[in-house]
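Shown here: query.cif, mmCIF, C-alpha atoms.
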```cif
data_query
#
loop_
_atom_site.label_atom_id
_atom_site.label_comp_id
_atom_site.auth_asym_id
_atom_site.auth_seq_id
_atom_site.Cartn_x
_atom_site.Cartn_y
_atom_site.Cartn_z
CA MET A 14 7.12 -147.18 147.56
CA ARG A 15 9.52 -144.67 149.16
CA ARG A 16 7.32 -141.76 148.05
CA THR A 17 4.22 -143.49 149.46
CA GLY A 18 5.92 -144.21 152.74
CA SER A 19 7.22 -140.66 153.03
CA PHE A 20 3.73 -139.27 152.41
CA CYS A 21 2.20 -141.48 155.13
CA LEU A 22 4.86 -140.35 157.60
CA PHE A 23 4.09 -136.74 156.68
CA VAL A 24 0.35 -137.23 157.33
CA VAL A 25 1.06 -138.84 160.70
CA ALA A 26 3.39 -136.01 161.65
CA VAL A 27 0.80 -133.39 160.76
CA ALA A 28 -1.86 -135.26 162.76
CA LEU A 29 0.39 -135.48 165.81
CA PHE A 30 1.16 -131.77 165.58
CA ALA A 31 -2.56 -130.92 165.35
CA MET A 32 -3.32 -133.05 168.40
CA ARG A 33 -0.69 -131.19 170.43
CA LEU A 34 -2.28 -127.88 169.45
CA VAL A 35 -5.47 -128.70 171.38
CA GLY A 36 -3.43 -129.00 174.58
CA LEU A 37 -3.87 -132.74 175.21
CA PRO A 38 -1.25 -135.49 175.11
CA VAL A 39 -1.19 -137.34 171.79
CA GLN A 40 -1.87 -140.66 173.50
CA GLN A 41 -5.20 -139.28 174.77
CA GLN A 42 -6.49 -138.59 171.26
CA ALA A 43 -8.56 -141.07 169.24
CA ALA A 44 -11.36 -141.08 166.69
CA VAL A 45 -14.57 -142.89 165.84
CA THR A 46 -14.83 -143.39 162.10
CA GLY A 47 -17.72 -144.40 159.92
CA SER A 48 -20.01 -143.74 157.00
CA ALA A 49 -23.66 -142.76 156.73
CA THR A 50 -26.11 -143.04 153.87
CA TYR A 51 -29.82 -143.02 153.03
CA ARG A 52 -31.89 -145.27 150.76
CA GLU A 53 -33.72 -142.62 148.73
CA ARG A 54 -32.46 -141.85 145.26
CA MET A 55 -32.23 -138.09 145.49
CA VAL A 56 -29.68 -135.34 145.03
CA LEU A 57 -28.93 -133.02 147.93
CA PRO A 58 -28.64 -129.26 147.38
CA SER A 59 -25.27 -127.57 147.79
CA THR A 60 -26.45 -126.08 151.12
CA ALA A 61 -26.79 -129.52 152.76
CA ILE A 62 -24.82 -130.02 155.98
CA PHE A 63 -23.96 -133.42 157.45
CA GLU A 64 -23.38 -133.77 161.20
CA ALA A 65 -22.31 -136.77 163.29
CA VAL A 66 -22.16 -136.66 167.10
CA LEU A 67 -20.52 -139.04 169.58
CA GLU A 68 -22.45 -139.12 172.88
CA ASP A 69 -22.44 -140.71 176.32
CA VAL A 70 -25.90 -142.28 176.55
CA SER A 71 -25.43 -144.17 179.81
CA ARG A 72 -28.13 -142.40 181.82
CA ALA A 73 -31.71 -142.98 180.78
CA ASP A 74 -32.92 -140.23 183.14
CA ALA A 75 -30.67 -137.48 181.75
CA ALA A 76 -29.77 -135.88 178.45
CA ALA A 77 -26.93 -137.45 176.48
CA GLU A 78 -23.51 -135.87 177.02
CA GLU A 79 -21.67 -134.85 173.86
CA ILE A 80 -18.13 -136.27 173.59
CA GLY A 81 -17.23 -135.23 170.05
CA ARG A 82 -18.76 -133.86 166.86
CA VAL A 83 -17.95 -133.48 163.17
CA ARG A 84 -19.70 -131.17 160.69
CA LEU A 85 -19.32 -131.48 156.93
CA GLU A 86 -20.53 -128.49 154.93
CA LYS A 87 -21.15 -128.95 151.20
CA SER A 88 -21.12 -132.60 152.08
CA GLY A 89 -21.81 -133.89 148.57
CA MET A 90 -23.54 -137.22 148.02
CA PRO A 91 -23.71 -140.35 150.20
CA PRO A 92 -22.04 -142.27 151.60
CA PHE A 93 -20.77 -139.57 153.98
CA ARG A 94 -17.44 -140.66 155.46
CA PHE A 95 -16.52 -139.08 158.76
CA SER A 96 -14.07 -139.17 161.66
CA ILE A 97 -15.11 -137.87 165.10
CA PRO A 98 -12.13 -137.00 167.33
CA TYR A 99 -12.48 -137.61 171.05
CA ASP A 100 -10.43 -137.60 174.25
CA ARG A 101 -9.72 -141.15 175.50
CA SER A 102 -9.67 -139.96 179.11
CA ARG A 103 -13.42 -139.21 178.89
CA ILE A 104 -14.32 -142.80 177.97
CA LYS A 105 -15.21 -145.13 180.87
CA PRO A 106 -15.48 -148.90 180.29
CA ASP A 107 -18.67 -149.20 182.35
CA ARG A 108 -20.53 -146.52 180.36
CA SER A 109 -22.36 -146.62 177.01
CA TYR A 110 -21.59 -144.52 173.93
CA SER A 111 -23.28 -144.12 170.56
CA VAL A 112 -23.22 -142.01 167.42
CA ARG A 113 -26.13 -140.21 165.80
CA ALA A 114 -26.18 -138.37 162.48
CA ARG A 115 -28.37 -135.94 160.59
CA ILE A 116 -28.54 -133.80 157.44
CA LEU A 117 -29.74 -130.20 157.57
CA VAL A 118 -30.84 -128.14 154.57
CA ASP A 119 -31.44 -124.41 155.02
CA GLY A 120 -31.84 -124.96 158.75
CA ARG A 121 -34.42 -127.73 158.30
CA LEU A 122 -33.89 -131.37 159.23
CA MET A 123 -34.01 -133.60 156.14
CA PHE A 124 -32.47 -136.93 157.24
CA ILE A 125 -31.73 -138.41 160.67
CA THR A 126 -30.69 -141.70 162.25
CA THR A 127 -33.57 -143.40 164.03
CA GLN A 128 -31.72 -146.14 165.90
CA ALA A 129 -28.75 -146.33 168.26
CA TYR A 130 -25.27 -147.06 166.86
CA PRO A 131 -23.13 -148.18 169.85
CA VAL A 132 -19.37 -147.62 169.84
CA LEU A 133 -16.26 -147.93 172.04
CA THR A 134 -17.46 -150.00 175.03
CA ARG A 135 -19.47 -153.13 175.89
CA GLY A 136 -18.09 -155.01 172.90
CA ALA A 137 -18.66 -152.21 170.34
CA GLY A 138 -15.85 -151.07 168.05
CA THR A 139 -14.60 -147.73 166.76
CA SER A 140 -16.06 -147.89 163.25
CA ILE A 141 -19.72 -147.92 162.21
CA THR A 142 -21.98 -147.81 159.16
CA MET A 143 -25.24 -145.91 159.60
CA THR A 144 -28.46 -145.51 157.64
CA MET A 145 -30.52 -142.32 157.95
CA GLN A 146 -34.27 -141.96 157.42
CA ARG A 147 -36.27 -139.14 155.88
CA SER A 148 -37.48 -136.71 158.53
CA THR A 149 -41.10 -135.59 158.56
CA THR A 150 -41.54 -132.59 160.84
CA ALA A 151 -44.21 -130.08 161.81
CA MET A 152 -43.89 -127.05 159.56
CA GLU A 153 -45.49 -123.65 160.09
CA GLY A 154 -45.40 -120.73 157.70
CA MET A 155 -47.09 -118.62 155.06
CA PHE A 156 -48.74 -120.43 152.13
CA ARG A 157 -49.80 -118.88 148.83
CA TYR A 158 -51.44 -120.40 145.76
CA MET A 159 -51.73 -118.38 142.56
CA ALA A 160 -51.57 -119.05 138.81
CA ASP A 161 -51.26 -122.82 139.32
CA ALA A 162 -48.21 -122.41 141.52
CA ALA A 163 -47.90 -122.78 145.31
CA THR A 164 -45.18 -121.44 147.60
CA PHE A 165 -44.43 -121.81 151.31
CA THR A 166 -42.36 -119.42 153.48
CA ASP A 167 -41.07 -121.12 156.62
CA CYS A 168 -41.61 -119.15 159.84
CA GLN A 169 -38.61 -120.80 161.48
CA THR A 170 -35.96 -120.02 158.86
CA GLY A 171 -37.55 -117.41 156.58
CA GLN A 172 -36.77 -119.63 153.58
CA ARG A 173 -39.27 -119.80 150.71
CA TRP A 174 -39.77 -122.94 148.64
CA PRO A 175 -42.20 -124.15 145.96
CA VAL A 176 -44.73 -126.71 147.13
CA ALA A 177 -45.04 -130.08 145.39
CA MET A 178 -48.65 -130.79 144.42
CA THR A 179 -48.58 -134.39 145.64
CA ALA A 180 -49.32 -136.40 148.81
CA GLY A 181 -51.32 -134.28 151.28
CA TYR A 182 -51.19 -131.11 149.19
CA LYS A 183 -54.82 -131.34 148.00
CA ASP A 184 -56.15 -130.99 151.55
CA LEU A 185 -53.97 -127.92 152.09
CA GLU A 186 -55.08 -126.28 148.85
CA SER A 187 -58.73 -127.01 149.57
CA ALA A 188 -58.53 -125.37 153.02
CA TYR A 189 -56.71 -122.39 151.53
CA THR A 190 -59.11 -121.75 148.64
CA SER A 191 -62.16 -122.02 150.92
CA THR A 192 -60.71 -119.59 153.47
CA ARG A 193 -58.84 -116.92 151.49
CA ARG A 194 -60.52 -113.62 150.72
CA GLU A 195 -58.75 -112.97 147.42
CA PRO A 196 -56.50 -114.91 145.02
CA GLY A 197 -52.84 -114.91 145.97
CA GLU A 198 -53.43 -113.96 149.61
CA GLU A 199 -50.82 -115.36 151.99
CA MET A 200 -52.20 -117.39 154.88
CA LYS A 201 -50.50 -119.07 157.81
CA VAL A 202 -50.72 -122.87 157.80
CA ASN A 203 -49.46 -125.89 159.74
CA PHE A 204 -48.71 -129.34 158.31
CA GLN A 205 -46.47 -132.36 158.63
CA GLY A 206 -43.99 -132.20 155.79
CA GLN A 207 -40.46 -132.54 154.48
CA LEU A 208 -38.04 -131.09 151.95
CA GLU A 209 -37.23 -132.92 148.76
CA MET A 210 -35.26 -132.19 145.59
CA ARG A 211 -37.59 -132.18 142.56
CA PRO A 212 -37.43 -130.91 138.96
CA LYS A 213 -37.84 -127.17 138.52
CA ALA A 214 -41.16 -125.91 137.17
CA GLU A 215 -39.24 -123.94 134.55
CA GLY A 216 -35.86 -124.70 133.08
CA GLN A 217 -33.58 -127.63 133.72
CA GLY A 218 -32.23 -129.09 136.93
CA GLN A 219 -33.73 -129.67 140.37
CA THR A 220 -34.56 -127.49 143.36
CA LEU A 221 -35.89 -127.98 146.88
CA HIS A 222 -39.66 -128.45 147.20
CA VAL A 223 -41.88 -128.73 150.26
CA VAL A 224 -43.79 -132.03 150.32
CA VAL A 225 -46.96 -131.93 152.45
CA ASP A 226 -47.47 -135.28 154.19
CA LYS A 227 -50.48 -134.29 156.29
CA TYR A 228 -52.39 -131.00 156.41
CA LEU A 229 -53.15 -129.81 159.97
CA ASP A 230 -54.55 -126.27 160.26
CA ILE A 231 -54.96 -122.88 158.60
CA TRP A 232 -54.84 -119.64 160.60
CA PRO A 233 -56.26 -116.64 158.70
CA GLY A 234 -55.22 -113.31 160.13
CA GLU A 235 -51.95 -114.64 161.57
CA THR A 236 -48.47 -114.06 160.19
CA CYS A 237 -44.99 -115.32 161.05
CA GLY A 238 -44.20 -111.90 162.45
CA ALA A 239 -40.98 -109.99 161.85
CA PRO A 240 -37.92 -111.37 163.68
CA ALA A 241 -37.91 -109.25 166.83
CA PRO A 242 -37.74 -109.60 170.60
CA ALA A 243 -40.94 -110.85 172.20
CA PRO A 244 -43.22 -107.89 173.00
CA PRO A 245 -44.34 -107.19 176.58
CA LEU A 246 -47.80 -108.13 177.77
CA GLN A 247 -48.58 -104.57 178.77
CA ASP A 248 -49.12 -101.68 176.33
CA THR A 249 -49.01 -103.98 173.29
CA ARG A 250 -51.93 -104.16 170.89
CA TRP A 251 -52.96 -107.84 170.77
CA LYS A 252 -55.08 -108.92 167.79
CA LEU A 253 -57.35 -111.92 168.38
CA THR A 254 -56.48 -114.84 166.07
CA ARG A 255 -57.83 -117.98 167.77
CA LEU A 256 -60.65 -118.89 170.15
CA SER A 257 -60.65 -122.31 171.85
CA GLY A 258 -58.18 -123.63 169.27
CA LYS A 259 -60.19 -122.47 166.25
CA PRO A 260 -59.16 -119.69 163.84
CA VAL A 261 -60.95 -116.36 164.03
CA ILE A 262 -62.22 -115.72 160.50
CA LEU A 263 -63.39 -112.19 159.72
CA ALA A 264 -66.03 -111.38 157.17
CA GLU A 265 -65.34 -108.77 154.52
CA ARG A 266 -64.95 -105.28 156.09
CA GLN A 267 -65.38 -106.71 159.57
CA GLN A 268 -63.23 -105.07 162.24
CA GLU A 269 -60.71 -107.19 164.13
CA ALA A 270 -60.98 -107.91 167.84
CA PHE A 271 -58.06 -106.83 170.02
CA LEU A 272 -56.94 -106.15 173.59
CA ILE A 273 -54.50 -103.72 175.23
CA PHE A 274 -53.38 -104.27 178.82
CA ARG A 275 -52.50 -100.75 180.00
CA ALA A 276 -49.59 -100.57 182.44
CA ALA A 277 -50.46 -97.13 183.86
CA ASP A 278 -53.79 -98.03 185.46
CA ASN A 279 -54.11 -101.83 185.08
CA GLY A 280 -56.98 -101.27 182.70
CA VAL A 281 -58.01 -103.46 179.77
CA ALA A 282 -59.21 -101.77 176.59
CA GLY A 283 -60.03 -103.10 173.16
CA SER A 284 -62.73 -104.28 170.84
CA THR A 285 -64.70 -107.44 170.29
CA GLY A 286 -64.79 -106.68 166.56
CA CYS A 287 -68.21 -105.14 167.11
CA ASN A 288 -68.29 -103.36 170.47
CA LYS A 289 -65.73 -101.55 172.56
CA LEU A 290 -64.42 -103.50 175.54
CA THR A 291 -63.19 -102.27 178.93
CA GLY A 292 -62.19 -103.79 182.23
CA THR A 293 -59.37 -104.20 184.73
CA TYR A 294 -56.73 -106.86 185.32
CA ARG A 295 -54.41 -108.08 188.06
CA LEU A 296 -50.97 -109.45 187.21
CA ASN A 297 -48.81 -111.67 189.43
CA GLY A 298 -45.99 -113.27 187.47
CA ASN A 299 -47.66 -115.59 184.95
CA ALA A 300 -50.97 -115.43 186.81
CA LEU A 301 -53.56 -113.10 185.31
CA SER A 302 -57.09 -112.31 186.43
CA LEU A 303 -59.64 -110.08 184.71
CA SER A 304 -62.59 -108.31 186.28
CA GLY A 305 -65.26 -105.81 185.40
CA ILE A 306 -65.24 -106.77 181.72
CA ALA A 307 -67.93 -104.81 179.93
CA VAL A 308 -68.84 -104.00 176.33
CA THR A 309 -70.97 -101.41 174.63
CA ARG A 310 -74.40 -102.53 173.40
CA MET A 311 -74.21 -101.89 169.69
CA ALA A 312 -75.70 -104.69 167.58
CA CYS A 313 -73.66 -105.78 164.57
CA VAL A 314 -74.67 -107.71 161.48
CA GLN A 315 -71.41 -109.66 161.63
CA GLY A 316 -69.08 -110.65 164.43
CA MET A 317 -71.51 -111.32 167.27
CA ASP A 318 -70.32 -114.96 167.47
CA ILE A 319 -66.72 -113.78 167.90
CA GLU A 320 -67.81 -111.31 170.58
CA GLY A 321 -69.64 -114.02 172.49
CA GLY A 322 -66.70 -116.41 172.24
CA LEU A 323 -64.22 -113.76 173.39
CA PHE A 324 -66.43 -112.73 176.32
CA THR A 325 -66.66 -116.37 177.44
CA ALA A 326 -62.91 -116.90 177.05
CA LEU A 327 -62.03 -113.83 179.10
CA GLY A 328 -64.16 -115.16 181.94
CA LYS A 329 -61.91 -118.24 182.14
CA VAL A 330 -58.52 -116.49 182.11
CA ALA A 331 -56.17 -117.46 184.93
CA GLY A 332 -52.74 -117.11 183.29
CA TRP A 333 -50.78 -116.02 180.24
CA LYS A 334 -47.65 -116.73 178.22
CA ILE A 335 -45.93 -115.14 175.24
CA ALA A 336 -44.19 -117.16 172.51
CA GLY A 337 -42.55 -115.09 169.81
CA GLN A 338 -45.09 -112.50 168.70
CA ASN A 339 -48.07 -114.41 170.11
CA LEU A 340 -49.93 -114.10 173.41
CA GLU A 341 -51.87 -117.06 174.78
CA LEU A 342 -54.44 -116.59 177.55
CA LEU A 343 -54.75 -119.70 179.71
CA ASP A 344 -57.44 -121.17 181.94
CA SER A 345 -56.79 -122.68 185.38
CA GLY A 346 -55.70 -125.95 183.77
CA ASN A 347 -53.20 -124.18 181.45
CA GLY A 348 -55.46 -124.76 178.45
CA VAL A 349 -55.35 -122.05 175.79
CA VAL A 350 -58.69 -120.21 175.65
CA ALA A 351 -57.59 -117.43 173.28
CA ARG A 352 -54.56 -116.55 171.18
CA PHE A 353 -53.48 -113.11 170.02
CA GLN A 354 -50.77 -111.66 167.80
CA ALA A 355 -48.87 -108.43 168.47
CA THR A 356 -49.72 -105.63 166.02
CA LYS A 357 -48.91 -101.95 165.74
CA GLN A 358 -51.17 -99.60 167.65
CA GLU A 359 -53.27 -97.41 165.40
#
```

In C-alpha cells, what does this structure look like?
Amino acid sequence: MRRTGSFCLFVVAVALFAMRLVGLPVQQQAAVTGSATYRERMVLPSTAIFEAVLEDVSRADAAAEEIGRVRLEKSGMPPFRFSIPYDRSRIKPDRSYSVRARILVDGRLMFITTQAYPVLTRGAGTSITMTMQRSTTAMEGMFRYMADAATFTDCQTGQRWPVAMTAGYKDLESAYTSTRREPGEEMKVNFQGQLEMRPKAEGQGQTLHVVVDKYLDIWPGETCGAPAPAPPLQDTRWKLTRLSGKPVILAERQQEAFLIFRAADNGVAGSTGCNKLTGTYRLNGNALSLSGIAVTRMACVQGMDIEGGLFTALGKVAGWKIAGQNLELLDSGNGVVARFQATKQE
C-alpha cells in the first residue's frame, strides 16, 4: 500500500510540475476525459491517428472556438481513451461546450463523430463516451485497371491504394474500360468512397483498400498535376479538359485544344484541336472578356464538335478562377463553361 501511495503522489507531483511549465496557475488547469469507439469490426493500420477536440459551440452563426485538443498517433485499437487539458478560466457557465473526435489514415478521414457530445456546462459533466461513424467522402485521383487488379492514387495526399472490387466498383470499372485508349492507362476519376482494411491480394495480413460507394465521373486527359504553386493565367499553356461539365474525349491521334493568354499584347492564341485560334482579351481582377475570336477554316474529320463547343463557351466568358493546376472560365452567373489544365508549352 505504501508503494502504491508513493507512486500516486509521484504522478500528482509530475502533473503539477507540467502544469506550471505552461505558465498558468495549477488551479486553472483541468481536463475532459473520455473514450471513443466505432461499431465496425476492423483493424486500423499503424498510421492511424486519433484526434479529440474540445470546442466552444455557443454561437450558431460563427465557427466553433477550439479550447483544447489531444492527438494520439499509433493509436492502436478502440476504445480510444483520452484526456483533453483545458484552462478553467476560458469556461463560462452561460456558454456551451462539446467534444468531437475523428480518425485519420494517411491524411484521409476514416471515422468521425456525427452528433454533439456536450461537456462542462448546462448540466453536462467532464467525462464522455463517444461513438464514431464511418466517413464517406468525395475522392478524386488517378485510377488504373490492369491484369485483374485496380489501383487508385489520391490527388489530395499522393497515396496509392488497391481498390476493392465491391459496392460501386463495377460502375467505375465500366466507365474506365469504355473510355480508356489502351489497357493500363491511368485516368482521373471522382467517386464517393472510403478506406477500409481488407485482406491482401497476395500473402497474409491486411492492408488499406479504397471502397467505392458511388461512382461520379471520369475525366480523360486530366491528371492530378505535380505539387506546385498555382500557375498564372497569363503565358501558361491551358489544355482543354471539360466543356459545360462534360469531359473532352479525344479520338486517336486527335490534337488537343488549348489556349494561351499572352501578357505582352493581351492576345489569345491556341487551337480548337482542329483549327488555330486567335483573339484578344481584357482582364480586370477576376473579370475576363474575350473579343475578336477567330479560327482558321480547315475542315477536320474529327474534333469539329469540340471546336464548336469551345467557340460557344468562349462567347460566354465573363470571369475566371484557378484552383491548383486547373483554370475554369466562368459565365456571368459564375457557372463553369470550360475547364483547362496547365501543361508545358511545346

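Put simply, CA of Tyr158 in chain A is 27.2 Å away from CA of Ala61 in chain A.
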
task = Let me know the residues the PyMOL selection byres ((chain A and resi 250-253) around 7) catches in the file above, as a list of chain:residue names.
result = A:Asp248, A:Thr249, A:Thr254, A:Arg255, A:Glu269, A:Ala270, A:Phe271, A:Leu272, A:Ile273, A:Arg352, A:Phe353, A:Gln354, A:Ala355, A:Thr356, A:Lys357, A:Gln358

Could you write those residues out with C-alpha atoms, as an mmCIF file, keeping the file's coordinate frame?
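New file again-v8.cif:
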```cif
data_model
loop_
_atom_site.group_PDB
_atom_site.id
_atom_site.type_symbol
_atom_site.label_atom_id
_atom_site.label_comp_id
_atom_site.auth_asym_id
_atom_site.auth_seq_id
_atom_site.Cartn_x
_atom_site.Cartn_y
_atom_site.Cartn_z
ATOM 1 C CA ASP A 248 -49.120 -101.680 176.330
ATOM 2 C CA THR A 249 -49.010 -103.980 173.290
ATOM 3 C CA THR A 254 -56.480 -114.840 166.070
ATOM 4 C CA ARG A 255 -57.830 -117.980 167.770
ATOM 5 C CA GLU A 269 -60.710 -107.190 164.130
ATOM 6 C CA ALA A 270 -60.980 -107.910 167.840
ATOM 7 C CA PHE A 271 -58.060 -106.830 170.020
ATOM 8 C CA LEU A 272 -56.940 -106.150 173.590
ATOM 9 C CA ILE A 273 -54.500 -103.720 175.230
ATOM 10 C CA ARG A 352 -54.560 -116.550 171.180
ATOM 11 C CA PHE A 353 -53.480 -113.110 170.020
ATOM 12 C CA GLN A 354 -50.770 -111.660 167.800
ATOM 13 C CA ALA A 355 -48.870 -108.430 168.470
ATOM 14 C CA THR A 356 -49.720 -105.630 166.020
ATOM 15 C CA LYS A 357 -48.910 -101.950 165.740
ATOM 16 C CA GLN A 358 -51.170 -99.600 167.650
#
```

Given the file above and the PyMOL selection byres ((chain A and resi 62) around 12), which residues are selected, and can you give them as a short mmCIF file (atom, residue, chain, number, x, y, z; two decimals) with C-alpha atoms, in the coordinates of the input?
```cif
data_model
loop_
_atom_site.label_atom_id
_atom_site.label_comp_id
_atom_site.auth_asym_id
_atom_site.auth_seq_id
_atom_site.Cartn_x
_atom_site.Cartn_y
_atom_site.Cartn_z
CA LEU A 57 -28.93 -133.02 147.93
CA PRO A 58 -28.64 -129.26 147.38
CA SER A 59 -25.27 -127.57 147.79
CA THR A 60 -26.45 -126.08 151.12
CA ALA A 61 -26.79 -129.52 152.76
CA PHE A 63 -23.96 -133.42 157.45
CA GLU A 64 -23.38 -133.77 161.20
CA ALA A 65 -22.31 -136.77 163.29
CA VAL A 83 -17.95 -133.48 163.17
CA ARG A 84 -19.70 -131.17 160.69
CA LEU A 85 -19.32 -131.48 156.93
CA GLU A 86 -20.53 -128.49 154.93
CA LYS A 87 -21.15 -128.95 151.20
CA SER A 88 -21.12 -132.60 152.08
CA GLY A 89 -21.81 -133.89 148.57
CA MET A 90 -23.54 -137.22 148.02
CA PRO A 91 -23.71 -140.35 150.20
CA PHE A 93 -20.77 -139.57 153.98
CA ALA A 114 -26.18 -138.37 162.48
CA ARG A 115 -28.37 -135.94 160.59
CA ILE A 116 -28.54 -133.80 157.44
CA LEU A 117 -29.74 -130.20 157.57
CA VAL A 118 -30.84 -128.14 154.57
CA ASP A 119 -31.44 -124.41 155.02
CA GLY A 120 -31.84 -124.96 158.75
CA ARG A 121 -34.42 -127.73 158.30
CA LEU A 122 -33.89 -131.37 159.23
CA MET A 123 -34.01 -133.60 156.14
CA PHE A 124 -32.47 -136.93 157.24
CA ILE A 125 -31.73 -138.41 160.67
#
```

message = Could you list, as a PyMOL selection string, every residue within 10 Å of range 194-206 of chain A, counting all atoms listed in the file and ignoring same-chain residues fewer than 3 positions away?
response = chain A and resi 148-160+162-168+180-182+185+188-191+209+223-237+263-265

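Proximity of A:Cys287, A:Tyr294, A:Thr220, A:Gly322 to Val308 in chain A, computed with only C-alpha atoms, is greatest for A:Cys287.
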
Which residues come within 10 Å of Thr126 in chain A, counting all atoms listed in the file, excluding same-chain residues fewer than 3 positions away, as a PDB file with C-alpha atoms, in the coordinates of the input?
```
ATOM      1  CA  ALA A  49     -23.660-142.760 156.730  1.00  0.00           C
ATOM      2  CA  THR A  50     -26.110-143.040 153.870  1.00  0.00           C
ATOM      3  CA  TYR A  51     -29.820-143.020 153.030  1.00  0.00           C
ATOM      4  CA  ALA A  65     -22.310-136.770 163.290  1.00  0.00           C
ATOM      5  CA  VAL A 112     -23.220-142.010 167.420  1.00  0.00           C
ATOM      6  CA  ARG A 113     -26.130-140.210 165.800  1.00  0.00           C
ATOM      7  CA  ALA A 114     -26.180-138.370 162.480  1.00  0.00           C
ATOM      8  CA  ARG A 115     -28.370-135.940 160.590  1.00  0.00           C
ATOM      9  CA  ILE A 116     -28.540-133.800 157.440  1.00  0.00           C
ATOM     10  CA  ALA A 129     -28.750-146.330 168.260  1.00  0.00           C
ATOM     11  CA  TYR A 130     -25.270-147.060 166.860  1.00  0.00           C
ATOM     12  CA  MET A 143     -25.240-145.910 159.600  1.00  0.00           C
ATOM     13  CA  THR A 144     -28.460-145.510 157.640  1.00  0.00           C
ATOM     14  CA  MET A 145     -30.520-142.320 157.950  1.00  0.00           C
ATOM     15  CA  GLN A 146     -34.270-141.960 157.420  1.00  0.00           C
ATOM     16  CA  ARG A 147     -36.270-139.140 155.880  1.00  0.00           C
ATOM     17  CA  SER A 148     -37.480-136.710 158.530  1.00  0.00           C
TER      18      SER A 148
END
```

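In this structure, CA of Gly171 in chain A sits 23.6 Å away from CA of Asp184 in chain A.
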